[in-house]
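Below is run_6.tsv, which holds TSV, C-alpha atoms and all ligand atoms.
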chain	number	residue	atom	x	y	z
A	1	MET	CA	-37.47	-7.34	-4.76
A	2	ARG	CA	-38.71	-8.40	-1.32
A	3	ASP	CA	-36.80	-7.81	1.92
A	4	ILE	CA	-33.10	-8.44	2.44
A	5	TRP	CA	-32.15	-10.10	5.71
A	6	ILE	CA	-28.77	-9.78	7.33
A	7	ILE	CA	-27.61	-12.22	10.01
A	8	ALA	CA	-24.49	-11.22	11.91
A	9	GLU	CA	-22.59	-12.75	14.78
A	10	ASN	CA	-21.59	-9.34	16.16
A	11	THR	CA	-21.97	-5.61	15.63
A	12	PRO	CA	-18.97	-5.02	13.30
A	13	TRP	CA	-20.26	-7.78	11.00
A	14	ALA	CA	-23.77	-6.33	11.16
A	15	ARG	CA	-22.42	-2.98	9.93
A	16	THR	CA	-20.61	-4.64	7.01
A	17	LEU	CA	-23.70	-6.62	6.07
A	18	ALA	CA	-25.92	-3.54	6.36
A	19	ALA	CA	-23.60	-1.84	3.85
A	20	ALA	CA	-23.85	-4.88	1.57
A	21	ALA	CA	-27.64	-4.85	1.84
A	22	ALA	CA	-27.77	-1.13	1.06
A	23	THR	CA	-25.69	-1.72	-2.08
A	24	LEU	CA	-27.78	-4.65	-3.29
A	25	SER	CA	-31.25	-3.76	-2.06
A	26	LYS	CA	-32.49	-1.40	-4.79
A	27	GLY	CA	-34.68	0.18	-2.14
A	28	ALA	CA	-35.87	-3.08	-0.55
A	29	LYS	CA	-36.21	-3.19	3.24
A	30	THR	CA	-33.26	-4.51	5.27
A	31	ILE	CA	-34.08	-6.59	8.34
A	32	ALA	CA	-31.19	-7.33	10.70
A	33	PHE	CA	-30.65	-10.23	13.12
A	34	VAL	CA	-27.65	-9.59	15.32
A	35	ASN	CA	-26.01	-11.55	18.09
A	36	GLY	CA	-26.17	-9.25	21.11
A	37	ASP	CA	-28.55	-7.12	23.09
A	38	GLU	CA	-30.93	-4.32	22.19
A	39	ALA	CA	-27.99	-1.94	21.66
A	40	ALA	CA	-26.69	-4.25	18.91
A	41	ALA	CA	-30.09	-4.17	17.20
A	42	LYS	CA	-30.25	-0.37	17.49
A	43	ASP	CA	-26.76	-0.10	16.02
A	44	ALA	CA	-27.96	-2.07	12.99
A	45	ILE	CA	-30.82	0.41	12.58
A	46	ALA	CA	-28.36	3.31	12.78
A	47	HIS	CA	-26.38	1.63	9.99
A	48	GLY	CA	-29.30	1.26	7.62
A	49	ALA	CA	-31.59	-1.57	8.75
A	50	ALA	CA	-35.31	-0.80	8.80
A	51	GLU	CA	-36.02	-3.45	11.46
A	52	ALA	CA	-33.61	-5.23	13.77
A	53	TYR	CA	-33.80	-8.19	16.13
A	54	SER	CA	-31.26	-9.02	18.78
A	55	LEU	CA	-30.27	-12.66	19.16
A	56	PRO	CA	-28.71	-12.79	22.65
A	57	LEU	CA	-26.33	-15.65	23.34
A	58	PRO	CA	-28.44	-18.27	25.17
A	59	ALA	CA	-27.13	-19.34	28.59
A	60	ASP	CA	-27.23	-23.05	27.87
A	61	ALA	CA	-27.29	-23.31	24.08
A	62	PRO	CA	-24.96	-22.30	21.23
A	63	TRP	CA	-25.81	-19.18	19.28
A	64	GLU	CA	-26.45	-21.37	16.24
A	65	ALA	CA	-29.53	-22.60	18.10
A	66	TYR	CA	-31.40	-19.67	16.55
A	67	THR	CA	-31.20	-21.40	13.16
A	68	PRO	CA	-34.62	-23.16	13.34
A	69	ALA	CA	-36.31	-19.95	14.54
A	70	LEU	CA	-34.69	-17.99	11.70
A	71	ALA	CA	-35.68	-20.67	9.19
A	72	ASP	CA	-39.24	-20.64	10.48
A	73	LYS	CA	-39.49	-16.85	10.13
A	74	ALA	CA	-37.78	-16.81	6.73
A	75	GLY	CA	-40.10	-19.54	5.50
A	76	LYS	CA	-43.08	-17.34	6.36
A	77	GLU	CA	-41.70	-13.94	5.31
A	78	LYS	CA	-39.73	-15.12	2.27
A	79	PRO	CA	-36.92	-12.54	2.03
A	80	SER	CA	-35.32	-12.36	-1.43
A	81	LEU	CA	-31.83	-12.49	0.00
A	82	ILE	CA	-30.27	-13.54	3.28
A	83	LEU	CA	-26.76	-12.19	3.77
A	84	LEU	CA	-24.62	-13.70	6.53
A	85	SER	CA	-21.11	-13.05	7.81
A	86	ALA	CA	-18.50	-15.27	6.21
A	87	SER	CA	-17.31	-16.12	9.72
A	88	ARG	CA	-16.96	-19.70	10.90
A	89	ARG	CA	-20.09	-19.44	13.00
A	90	CYS	CA	-22.29	-17.89	10.32
A	91	ARG	CA	-20.95	-20.11	7.54
A	92	ASP	CA	-22.23	-23.02	9.57
A	93	MET	CA	-25.53	-21.27	10.15
A	94	ALA	CA	-25.85	-20.42	6.43
A	95	SER	CA	-25.56	-24.03	5.35
A	96	ARG	CA	-28.07	-25.22	7.94
A	97	LEU	CA	-30.52	-22.43	7.10
A	98	ALA	CA	-30.19	-23.19	3.39
A	99	ALA	CA	-30.94	-26.85	4.05
A	100	LEU	CA	-33.98	-26.03	6.17
A	101	LEU	CA	-35.30	-23.58	3.56
A	102	ASP	CA	-34.25	-25.74	0.61
A	103	ALA	CA	-32.62	-22.60	-0.77
A	104	PRO	CA	-29.35	-22.05	-2.69
A	105	CYS	CA	-26.37	-20.88	-0.64
A	106	PHE	CA	-23.30	-19.09	-2.05
A	107	SER	CA	-20.13	-18.98	0.04
A	108	GLU	CA	-18.19	-15.71	0.02
A	109	GLY	CA	-20.17	-14.35	-2.89
A	110	LYS	CA	-18.52	-11.70	-5.07
A	111	ASN	CA	-19.76	-9.55	-7.97
A	112	ILE	CA	-23.33	-9.97	-6.74
A	113	THR	CA	-25.99	-8.55	-9.01
A	114	VAL	CA	-29.68	-8.50	-8.24
A	115	SER	CA	-32.40	-8.11	-10.86
A	116	ASP	CA	-36.05	-9.02	-11.29
A	117	ALA	CA	-34.88	-12.32	-12.79
A	118	GLY	CA	-32.93	-13.27	-9.67
A	119	VAL	CA	-29.43	-13.11	-8.30
A	120	THR	CA	-26.06	-13.70	-9.98
A	121	VAL	CA	-23.08	-14.47	-7.76
A	122	SER	CA	-19.44	-15.43	-8.30
A	123	THR	CA	-17.79	-17.87	-5.93
A	124	MET	CA	-14.44	-19.57	-5.86
A	125	LEU	CA	-13.76	-23.17	-6.72
A	126	TYR	CA	-10.83	-25.52	-6.13
A	127	GLY	CA	-9.41	-23.55	-3.23
A	128	GLY	CA	-9.36	-20.31	-5.21
A	129	LEU	CA	-7.95	-21.66	-8.48
A	130	ALA	CA	-11.17	-20.97	-10.44
A	131	VAL	CA	-14.18	-18.70	-10.22
A	132	LYS	CA	-17.71	-19.91	-10.87
A	133	THR	CA	-20.53	-17.52	-11.71
A	134	ALA	CA	-24.03	-18.82	-11.08
A	135	ALA	CA	-27.52	-17.36	-11.31
A	136	THR	CA	-30.60	-18.34	-9.35
A	137	SER	CA	-34.22	-17.36	-9.53
A	138	ALA	CA	-35.01	-19.07	-6.22
A	139	GLU	CA	-37.49	-17.34	-3.96
A	140	THR	CA	-34.79	-16.91	-1.31
A	141	ALA	CA	-31.01	-17.11	-1.80
A	142	LEU	CA	-28.36	-17.10	0.92
A	143	ILE	CA	-24.94	-15.50	0.47
A	144	THR	CA	-22.08	-15.25	2.93
A	145	ILE	CA	-20.16	-11.98	2.63
A	146	GLY	CA	-16.44	-11.41	3.28
A	147	ALA	CA	-15.41	-8.94	5.98
A	148	LYS	CA	-13.62	-6.67	3.53
A	149	ASP	CA	-16.10	-6.78	0.67
A	150	PHE	CA	-18.26	-3.85	1.71
A	151	GLU	CA	-17.33	-0.78	3.71
A	152	HIS	CA	-19.92	0.65	6.04
A	153	GLY	CA	-20.47	4.35	6.51
A	154	ALA	CA	-20.95	6.30	9.73
A	155	ALA	CA	-23.88	5.54	12.03
A	156	ASP	CA	-26.92	7.77	11.66
A	157	PRO	CA	-28.35	7.94	15.19
A	158	SER	CA	-31.43	9.80	13.93
A	159	ARG	CA	-32.64	6.68	12.10
A	160	SER	CA	-35.44	4.75	13.78
A	161	GLY	CA	-37.05	1.38	13.18
A	162	LYS	CA	-38.70	-1.55	14.85
A	163	VAL	CA	-36.43	-3.28	17.37
A	164	GLY	CA	-37.19	-6.69	18.86
A	165	THR	CA	-35.73	-9.95	20.14
A	166	LEU	CA	-36.06	-13.22	18.26
A	167	PRO	CA	-37.35	-15.95	20.56
A	168	LEU	CA	-35.28	-19.10	20.68
A	169	SER	CA	-37.00	-22.31	19.69
A	170	SER	CA	-35.79	-25.69	20.93
A	171	ALA	CA	-31.99	-25.82	20.69
A	172	GLY	CA	-31.37	-29.55	20.44
A	173	VAL	CA	-27.90	-29.03	21.91
A	174	THR	CA	-27.04	-28.11	25.50
A	175	VAL	CA	-23.93	-26.13	26.33
A	176	THR	CA	-22.50	-27.42	29.58
A	177	GLY	CA	-19.55	-25.03	29.82
A	178	ARG	CA	-17.82	-22.14	28.10
A	179	LYS	CA	-14.22	-20.98	28.26
A	180	PRO	CA	-12.75	-17.90	26.63
A	181	ARG	CA	-10.49	-18.29	23.62
A	182	VAL	CA	-6.85	-17.41	24.13
A	183	ALA	CA	-6.77	-13.73	23.23
A	184	GLN	CA	-5.52	-12.96	19.74
A	185	THR	CA	-2.34	-10.96	20.02
A	186	VAL	CA	-2.41	-9.22	16.65
A	187	ASP	CA	-5.09	-7.48	14.66
A	188	LEU	CA	-3.84	-8.22	11.16
A	189	GLY	CA	-6.98	-6.81	9.58
A	190	ALA	CA	-6.25	-3.37	11.02
A	191	ALA	CA	-2.52	-3.35	10.22
A	192	ALA	CA	-1.24	-1.04	7.47
A	193	LYS	CA	1.89	-3.16	7.03
A	194	VAL	CA	2.13	-6.94	7.37
A	195	LEU	CA	5.05	-9.35	7.11
A	196	GLY	CA	4.07	-12.88	6.19
A	197	VAL	CA	6.25	-15.79	7.30
A	198	GLY	CA	6.35	-18.90	5.12
A	199	ARG	CA	7.95	-22.31	5.12
A	200	GLY	CA	11.11	-20.83	3.62
A	201	VAL	CA	11.83	-19.76	7.20
A	202	SER	CA	12.89	-23.14	8.43
A	203	GLU	CA	13.53	-22.51	12.13
A	204	GLN	CA	11.02	-21.20	14.64
A	205	GLY	CA	13.87	-19.38	16.39
A	206	ASP	CA	14.37	-17.30	13.22
A	207	LEU	CA	11.03	-15.60	13.76
A	208	VAL	CA	12.84	-13.15	16.01
A	209	VAL	CA	14.77	-11.82	12.98
A	210	ILE	CA	11.51	-11.18	11.15
A	211	ARG	CA	9.86	-9.64	14.19
A	212	ASN	CA	12.80	-7.22	14.50
A	213	LEU	CA	12.20	-5.97	10.97
A	214	ALA	CA	8.45	-5.82	11.61
A	215	LYS	CA	9.04	-3.71	14.71
A	216	ALA	CA	11.40	-1.39	12.87
A	217	ILE	CA	8.87	-0.65	10.12
A	218	GLY	CA	5.73	-0.76	12.32
A	219	ALA	CA	4.31	-3.96	10.81
A	220	GLU	CA	2.37	-6.90	12.22
A	221	VAL	CA	3.48	-10.47	11.55
A	222	GLY	CA	1.24	-13.08	9.93
A	223	CYS	CA	2.08	-16.33	8.18
A	224	SER	CA	1.14	-18.94	5.62
A	225	ARG	CA	-1.18	-21.74	6.66
A	226	PRO	CA	1.43	-24.46	7.30
A	227	ILE	CA	3.28	-22.19	9.74
A	228	ALA	CA	0.16	-21.90	11.92
A	229	GLU	CA	-1.66	-25.13	11.26
A	230	PHE	CA	1.14	-27.68	11.02
A	231	PHE	CA	4.15	-26.11	12.74
A	232	LYS	CA	2.02	-24.22	15.34
A	233	TRP	CA	4.58	-21.40	15.44
A	234	MET	CA	1.77	-18.83	15.47
A	235	PRO	CA	-1.93	-18.92	16.41
A	236	GLU	CA	-4.30	-20.02	13.66
A	237	GLU	CA	-5.77	-16.49	13.59
A	238	CYS	CA	-2.45	-15.35	12.12
A	239	TYR	CA	-2.52	-17.26	8.88
A	240	ILE	CA	-3.44	-15.43	5.74
A	241	GLY	CA	-5.32	-16.75	2.75
A	242	ILE	CA	-8.50	-18.16	1.41
A	243	SER	CA	-9.25	-20.14	4.55
A	244	GLY	CA	-7.53	-17.66	6.86
A	245	GLN	CA	-7.39	-13.88	7.09
A	246	GLN	CA	-8.04	-11.72	4.06
A	247	LEU	CA	-6.17	-8.45	4.29
A	248	LYS	CA	-5.90	-5.12	2.50
A	249	PRO	CA	-2.73	-3.60	3.96
A	250	GLN	CA	-0.74	-0.81	2.36
A	251	LEU	CA	2.31	-3.07	2.33
A	252	TYR	CA	2.67	-6.85	2.45
A	253	ILE	CA	6.10	-8.45	2.60
A	254	ALA	CA	6.08	-12.20	1.99
A	255	VAL	CA	9.13	-13.88	3.51
A	256	GLY	CA	9.82	-17.36	2.14
A	257	ILE	CA	6.28	-17.85	0.86
A	258	SER	CA	5.70	-19.67	-2.43
A	259	GLY	CA	2.54	-17.68	-3.24
A	260	GLN	CA	0.07	-20.47	-3.96
A	261	ALA	CA	-3.37	-19.20	-4.97
A	262	GLN	CA	-4.80	-20.07	-1.56
A	263	HIS	CA	-2.31	-17.76	0.15
A	264	TYR	CA	-2.25	-15.05	-2.51
A	265	PHE	CA	-6.02	-14.70	-2.27
A	266	GLY	CA	-5.60	-13.28	1.23
A	267	ILE	CA	-3.25	-10.47	0.20
A	268	ARG	CA	-4.09	-9.78	-3.42
A	269	ASP	CA	-5.75	-6.49	-2.43
A	270	ALA	CA	-2.63	-5.19	-0.67
A	271	ARG	CA	-1.50	-1.93	-2.21
A	272	THR	CA	2.14	-3.01	-2.54
A	273	ILE	CA	3.37	-6.58	-2.38
A	274	VAL	CA	7.03	-7.41	-1.84
A	275	SER	CA	8.31	-10.98	-1.99
A	276	ILE	CA	11.55	-12.30	-0.58
A	277	ASN	CA	12.09	-15.73	-2.07
A	278	LYS	CA	15.30	-17.39	-3.22
A	279	ASP	CA	13.40	-19.02	-6.08
A	280	LYS	CA	13.23	-16.25	-8.66
A	281	GLU	CA	10.47	-18.07	-10.53
A	282	SER	CA	8.22	-18.61	-7.48
A	283	LEU	CA	4.61	-17.53	-7.91
A	284	MET	CA	5.00	-15.07	-5.06
A	285	ASN	CA	7.87	-13.34	-6.83
A	286	GLN	CA	5.95	-13.33	-10.10
A	287	ASN	CA	2.87	-11.76	-8.52
A	288	ALA	CA	4.67	-9.22	-6.35
A	289	ASP	CA	5.19	-5.56	-7.21
A	290	TYR	CA	8.82	-5.98	-6.09
A	291	PHE	CA	10.78	-9.10	-5.34
A	292	ILE	CA	14.14	-9.88	-3.81
A	293	PRO	CA	15.49	-13.19	-5.17
A	294	ALA	CA	17.65	-14.03	-2.18
A	295	ASP	CA	17.93	-16.07	0.97
A	296	TRP	CA	15.37	-14.46	3.25
A	297	LYS	CA	17.79	-14.05	6.17
A	298	ASP	CA	20.28	-12.05	4.12
A	299	ALA	CA	17.52	-9.90	2.66
A	300	VAL	CA	15.78	-9.24	5.98
A	301	THR	CA	19.09	-8.43	7.68
A	302	GLU	CA	19.97	-5.95	4.92
A	303	LEU	CA	16.52	-4.38	5.02
A	304	LEU	CA	16.75	-3.99	8.79
A	305	LYS	CA	20.15	-2.31	8.49
A	306	ALA	CA	18.78	0.03	5.83
A	307	VAL	CA	15.74	0.93	7.96
A	308	GLN	CA	17.90	1.51	11.04
A	309	LYS	CA	20.12	3.89	9.06
A	401	LIG	C1	-8.33	-25.94	0.36
A	401	LIG	C2	-7.01	-25.33	0.70
A	401	LIG	C3	-6.99	-24.13	1.40
A	401	LIG	C4	-5.79	-23.53	1.72
A	401	LIG	N1	-5.81	-22.34	2.37
A	401	LIG	C5	-4.64	-21.71	2.62
A	401	LIG	C6	-4.63	-20.42	3.22
A	401	LIG	O1	-5.67	-19.85	3.56
A	401	LIG	N2	-3.43	-19.84	3.42
A	401	LIG	C7	-2.23	-20.41	3.08
A	401	LIG	O2	-1.18	-19.80	3.29
A	401	LIG	N3	-2.23	-21.62	2.49
A	401	LIG	C8	-3.38	-22.29	2.27
A	401	LIG	N4	-3.36	-23.52	1.69
A	401	LIG	C9	-2.04	-24.15	1.46
A	401	LIG	C10	-1.38	-23.62	0.19
A	401	LIG	O3	-1.83	-24.34	-0.93
A	401	LIG	C11	0.16	-23.76	0.29
A	401	LIG	O4	0.48	-25.11	0.52
A	401	LIG	C12	0.80	-22.90	1.36
A	401	LIG	O5	0.36	-21.56	1.25
A	401	LIG	C13	2.31	-22.97	1.23
A	401	LIG	O6	2.89	-22.28	2.29
A	401	LIG	P1	4.35	-21.66	2.10
A	401	LIG	O7	4.37	-20.74	0.95
A	401	LIG	O8	4.75	-21.13	3.43
A	401	LIG	O9	5.27	-22.96	1.87
A	401	LIG	P2	5.91	-23.54	0.55
A	401	LIG	O10	4.93	-23.71	-0.53
A	401	LIG	O11	6.70	-24.74	0.97
A	401	LIG	O12	6.91	-22.41	0.07
A	401	LIG	C14	8.11	-22.08	0.71
A	401	LIG	C15	8.82	-21.05	-0.18
A	401	LIG	O13	9.98	-20.59	0.51
A	401	LIG	C16	11.02	-20.43	-0.43
A	401	LIG	N5	12.27	-20.59	0.29
A	401	LIG	C17	12.81	-21.74	0.83
A	401	LIG	N6	13.93	-21.45	1.49
A	401	LIG	C18	14.11	-20.11	1.39
A	401	LIG	C19	15.11	-19.23	1.89
A	401	LIG	N7	16.14	-19.66	2.66
A	401	LIG	N8	14.99	-17.91	1.58
A	401	LIG	C20	13.98	-17.46	0.81
A	401	LIG	N9	12.98	-18.25	0.32
A	401	LIG	C21	13.08	-19.56	0.63
A	401	LIG	C22	10.80	-21.53	-1.47
A	401	LIG	O14	11.39	-21.16	-2.71
A	401	LIG	C23	9.28	-21.60	-1.52
A	401	LIG	O15	8.80	-20.78	-2.57
A	401	LIG	C24	-4.55	-24.14	1.36
A	401	LIG	C25	-4.58	-25.35	0.66
A	401	LIG	C26	-5.78	-25.93	0.34
A	401	LIG	C27	-5.77	-27.22	-0.44
Written form, structure tokens:
Amino acid sequence: MRDIWIIAENTPWARTLAAAAATLSKGAKTIAFVNGDEAAAKDAIAHGAAEAYSLPLPADAPWEAYTPALADKAGKEKPSLILLSASRRCRDMASRLAALLDAPCFSEGKNITVSDAGVTVSTMLYGGLAVKTAATSAETALITIGAKDFEHGAADPSRSGKVGTLPLSSAGVTVTGRKPRVAQTVDLGAAAKVLGVGRGVSEQGDLVVIRNLAKAIGAEVGCSRPIAEFFKWMPEECYIGISGQQLKPQLYIAVGISGQAQHYFGIRDARTIVSINKDKESLMNQNADYFIPADWKDAVTELLKAVQK
């Protein structure tokens, strides 16, 4: 196997991808490309990369402007695998890189196996309703990796390796202004307990009832996609599922959520799943470890009383 490249939009992603590369590499060299400064590149070395290049955010171009330079280098050096963050930014970069390299690209690859014959990867189809497993013997294959799919170990500051900066070729797009995103108020990924709000909660004002229970048990509050995307009751960062956040909390309580595959995908790795849904037969109830077949408001009020006791 030739080199494995990792392309990350920040340091936490670079660490996850370095862990993925270490698992898949079979001793092949890992070369990292990380958005940031020299410290970001050195961090990638400390987490297992043999070589690392910083890709600083250009003043007047989007970060994705590195794509042609990366494609040019990959075309010459022909890494076996290019692993990218499954973040919005890197998903976009992955598809453009794949097109420039005329290489196969797998989104959110799972069960990845690498052999002399090539790479086998499973990906989801139909919004998570089916899984497709495909193999490729292409010279270079690109795979985007989910944030929770590989856990990185501690940094080893004694590691050393070549550190550089990738020069930017012509961007093609000029950034005329930047404004910060409204800060995300919750870190669902770090929460041990999460309450998910679904369309069964019909009034925005009722969120206060759910937040009271969340506060009492030390949980964060997330939601299903319609609550964030259509009703706008919560920021889009708060919705859970295949196209939102994928979580691994100790406890997930779904409140008025039907449990469609696209939502369930985001919490299927929770240790314990509880569903509160008045429809006993709902998918969420069927897939939960425990379910309460009741009106959510009655159930949440009773749970809050019990916790307060
Ligand atoms: C490509 C694609 C990607 C998608 N990605 C995502 C994603 O990432 N995340 C996501 O969440 N969705 C996603 N969706 C949408 C998904 O398919 C569902 O439509 C969505 O999850 C449904 O949200 P919900 O469960 O809140 O609402 P509903 O499906 O309307 O369910 C509401 C539930 O509340 C229950 N209920 C009603 N009243 C009460 C009450 N008083 N007390 C208790 N229970 C009550 C009902 O029995 C019902 O089960 C995606 C869809 C597509 C096509």
Once 5 Å is added on each side, what centre and edge lengths in Å to one decimal does the axis-aligned box around all listed atoms of stretch 6-12 of chain A have, as AutoDock Vina command-line options?
--center_x -23.9 --center_y -8.9 --center_z 11.7 --size_x 19.8 --size_y 17.7 --size_z 18.8
Restricting the calculation to only C-alpha atoms: of A:Thr120, A:Asn277, A:Asn287, A:Asn35, which residue gets closest to A:Ala65?
A:Asn35
Kindly indicate which residue among A:Lys162, A:Lys132, A:Lys110, A:Arg178 lies nearest to A:Ala61, using all atoms listed in the file for the distances.
A:Arg178
Taking all atoms listed in the file into account, produce a table as a Markdown table in which each residue of chain A with an atom at most 7 Å from an atom of ligand LIG 401 (chain A) appears once, together with its shortest atom pair and the distance in Å to one decimal, ordered by chain and rising number.
| residue | atom | partner | partner_atom | distance |
| --- | --- | --- | --- | --- |
| A:Tyr126 | CA | A:LIG401 | C1 | 7.0 |
| A:Gly127 | CA | A:LIG401 | C1 | 4.4 |
| A:Val197 | CA | A:LIG401 | O8 | 6.8 |
| A:Gly198 | CA | A:LIG401 | O8 | 3.2 |
| A:Arg199 | CA | A:LIG401 | O8 | 3.8 |
| A:Gly200 | CA | A:LIG401 | O13 | 3.3 |
| A:Val201 | CA | A:LIG401 | C18 | 6.3 |
| A:Cys223 | CA | A:LIG401 | O2 | 6.8 |
| A:Ser224 | CA | A:LIG401 | O2 | 3.4 |
| A:Arg225 | CA | A:LIG401 | O2 | 3.9 |
| A:Pro226 | CA | A:LIG401 | O6 | 5.7 |
| A:Ile227 | CA | A:LIG401 | O8 | 6.6 |
| A:Tyr239 | CA | A:LIG401 | N2 | 6.1 |
| A:Ile240 | CA | A:LIG401 | N2 | 5.0 |
| A:Gly241 | CA | A:LIG401 | O1 | 3.2 |
| A:Ile242 | CA | A:LIG401 | O1 | 3.9 |
| A:Ser243 | CA | A:LIG401 | O1 | 3.7 |
| A:Gly244 | CA | A:LIG401 | O1 | 4.4 |
| A:Val255 | CA | A:LIG401 | C20 | 6.6 |
| A:Gly256 | CA | A:LIG401 | O13 | 3.6 |
| A:Ile257 | CA | A:LIG401 | O7 | 3.5 |
| A:Ser258 | CA | A:LIG401 | O15 | 3.3 |
| A:Gly259 | CA | A:LIG401 | O7 | 5.5 |
| A:Gln260 | CA | A:LIG401 | O3 | 5.3 |
| A:Ala261 | CA | A:LIG401 | O3 | 6.7 |
| A:Gln262 | CA | A:LIG401 | C5 | 4.5 |
| A:His263 | CA | A:LIG401 | O2 | 3.9 |
| A:Gly266 | CA | A:LIG401 | O1 | 7.0 |
| A:Ile276 | CA | A:LIG401 | C20 | 5.9 |
| A:Asn277 | CA | A:LIG401 | N9 | 3.6 |
| A:Lys278 | CA | A:LIG401 | C20 | 4.2 |
| A:Asp279 | CA | A:LIG401 | O14 | 4.5 |
| A:Ser282 | CA | A:LIG401 | O15 | 5.4 |
| A:Ala294 | CA | A:LIG401 | C20 | 5.8 |
| A:Asp295 | CA | A:LIG401 | N8 | 3.5 |
| A:Trp296 | CA | A:LIG401 | N8 | 3.9 |
| A:Lys297 | CA | A:LIG401 | N8 | 6.6 |
Sorted by chain and rising residue number, which residues of stretch 47-119 of chain A lie within 12 Å of stretch 6-22 of chain A, and what are their closest atom pairs and distances in Å to one decimal, counting only C-alpha atoms, as CSV?
residue,atom,partner,partner_atom,distance
A:His47,CA,A:Arg15,CA,6.1
A:Gly48,CA,A:Ala18,CA,6.0
A:Ala49,CA,A:Ala18,CA,6.5
A:Ala50,CA,A:Ala18,CA,10.1
A:Glu51,CA,A:Ile6,CA,10.5
A:Ala52,CA,A:Ile6,CA,9.3
A:Tyr53,CA,A:Ile7,CA,9.6
A:Ser54,CA,A:Ala8,CA,9.9
A:Leu55,CA,A:Glu9,CA,8.8
A:Pro56,CA,A:Glu9,CA,10.0
A:Leu57,CA,A:Glu9,CA,9.8
A:Pro62,CA,A:Glu9,CA,11.8
A:Trp63,CA,A:Glu9,CA,8.5
A:Glu64,CA,A:Glu9,CA,9.6
A:Tyr66,CA,A:Ile7,CA,10.6
A:Thr67,CA,A:Ile7,CA,10.3
A:Leu70,CA,A:Ile7,CA,9.3
A:Ala71,CA,A:Ile7,CA,11.7
A:Ala74,CA,A:Ile6,CA,11.4
A:Pro79,CA,A:Ile6,CA,10.1
A:Ser80,CA,A:Ala21,CA,11.2
A:Leu81,CA,A:Ile6,CA,8.4
A:Ile82,CA,A:Ile6,CA,5.7
A:Leu83,CA,A:Ile6,CA,4.7
A:Leu84,CA,A:Ile7,CA,4.8
A:Ser85,CA,A:Ala8,CA,5.6
A:Ala86,CA,A:Trp13,CA,9.1
A:Ser87,CA,A:Glu9,CA,8.1
A:Arg88,CA,A:Glu9,CA,9.7
A:Arg89,CA,A:Glu9,CA,7.4
A:Cys90,CA,A:Glu9,CA,6.8
A:Arg91,CA,A:Glu9,CA,10.5
A:Asp92,CA,A:Glu9,CA,11.5
A:Met93,CA,A:Ile7,CA,9.3
A:Ala94,CA,A:Ile7,CA,9.1
A:Leu97,CA,A:Ile7,CA,11.0
A:Gly109,CA,A:Ala20,CA,11.1
A:Lys110,CA,A:Ala20,CA,10.9
A:Asn111,CA,A:Ala20,CA,11.4
A:Ile112,CA,A:Ala20,CA,9.8
A:Thr113,CA,A:Ala20,CA,11.4
A:Val114,CA,A:Ala21,CA,10.9
Return the single residue from A:Thr272, A:Ser169, A:Asn285, A:Gln250 that is closest to A:Pro58, with distances computed using all atoms listed in the file.
A:Ser169
Residues near A:Pro104, anyone? I mean within 8 Å using only C-alpha atoms, not counting same-chain ones fewer than 3 positions away, as a PDB file with C-alpha atoms, keeping the file's coordinate frame.
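Wrote out.pdb, looks like this:
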ATOM      1  CA  ALA A  98     -30.190 -23.190   3.390  1.00  0.00           C
ATOM      2  CA  THR A 136     -30.600 -18.340  -9.350  1.00  0.00           C
ATOM      3  CA  ALA A 138     -35.010 -19.070  -6.220  1.00  0.00           C
ATOM      4  CA  THR A 140     -34.790 -16.910  -1.310  1.00  0.00           C
ATOM      5  CA  ALA A 141     -31.010 -17.110  -1.800  1.00  0.00           C
ATOM      6  CA  LEU A 142     -28.360 -17.100   0.920  1.00  0.00           C
TER       7      LEU A 142
END
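Take atom CA of A:Ala216 and atom CA of A:Lys232: the distance between them is 24.8 Å.
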In Å and to one decimal, atom CA of A:Thr301 is distant from atom CA of A:Asp187 by 25.2 Å
Among the residues A:Met284, A:Leu100, A:Ala32, A:Ala254, the one that comes closest to A:Leu166 [using all atoms listed in the file]:
A:Ala32
Contacts of A:Asp269 at 10 Å or less, counting only C-alpha atoms, minus same-chain residues fewer than 4 places along, as a PyMOL selection string?
chain A and resi 148+246-252+264-265+273
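Between A:Asp116 and the residues A:Lys42, A:Arg2, A:Arg96, A:Lys179, the shortest atom-to-atom distance, using only C-alpha atoms, involves A:Arg2.
Between atom CA of A:Gly153 and atom CA of A:Leu188 the interatomic distance comes to 21.4 Å.
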Identify, on the basis of only C-alpha atoms, every residue whose closest approach to A:Asp60 does not exceed 7 Å; exclude the query and any residue fewer than 4 positions from it along the same chain; express the result as an MDAnalysis selection string.
chainID A and resid 174:176
Pick from A:Lys309, A:Leu195, A:Ala134, A:Arg268: nearest to A:Asp289, with all atoms listed in the file counted?
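Counting all atoms listed in the file, the residue closest to A:Asp289 is A:Arg268.
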Show which residues sit within 10 Å of A:Gln308, as a PyMOL selection string. Count all atoms listed in the file, and ignore same-chain residues fewer than 5 positions away.
chain A and resi 213+216-217+302-303
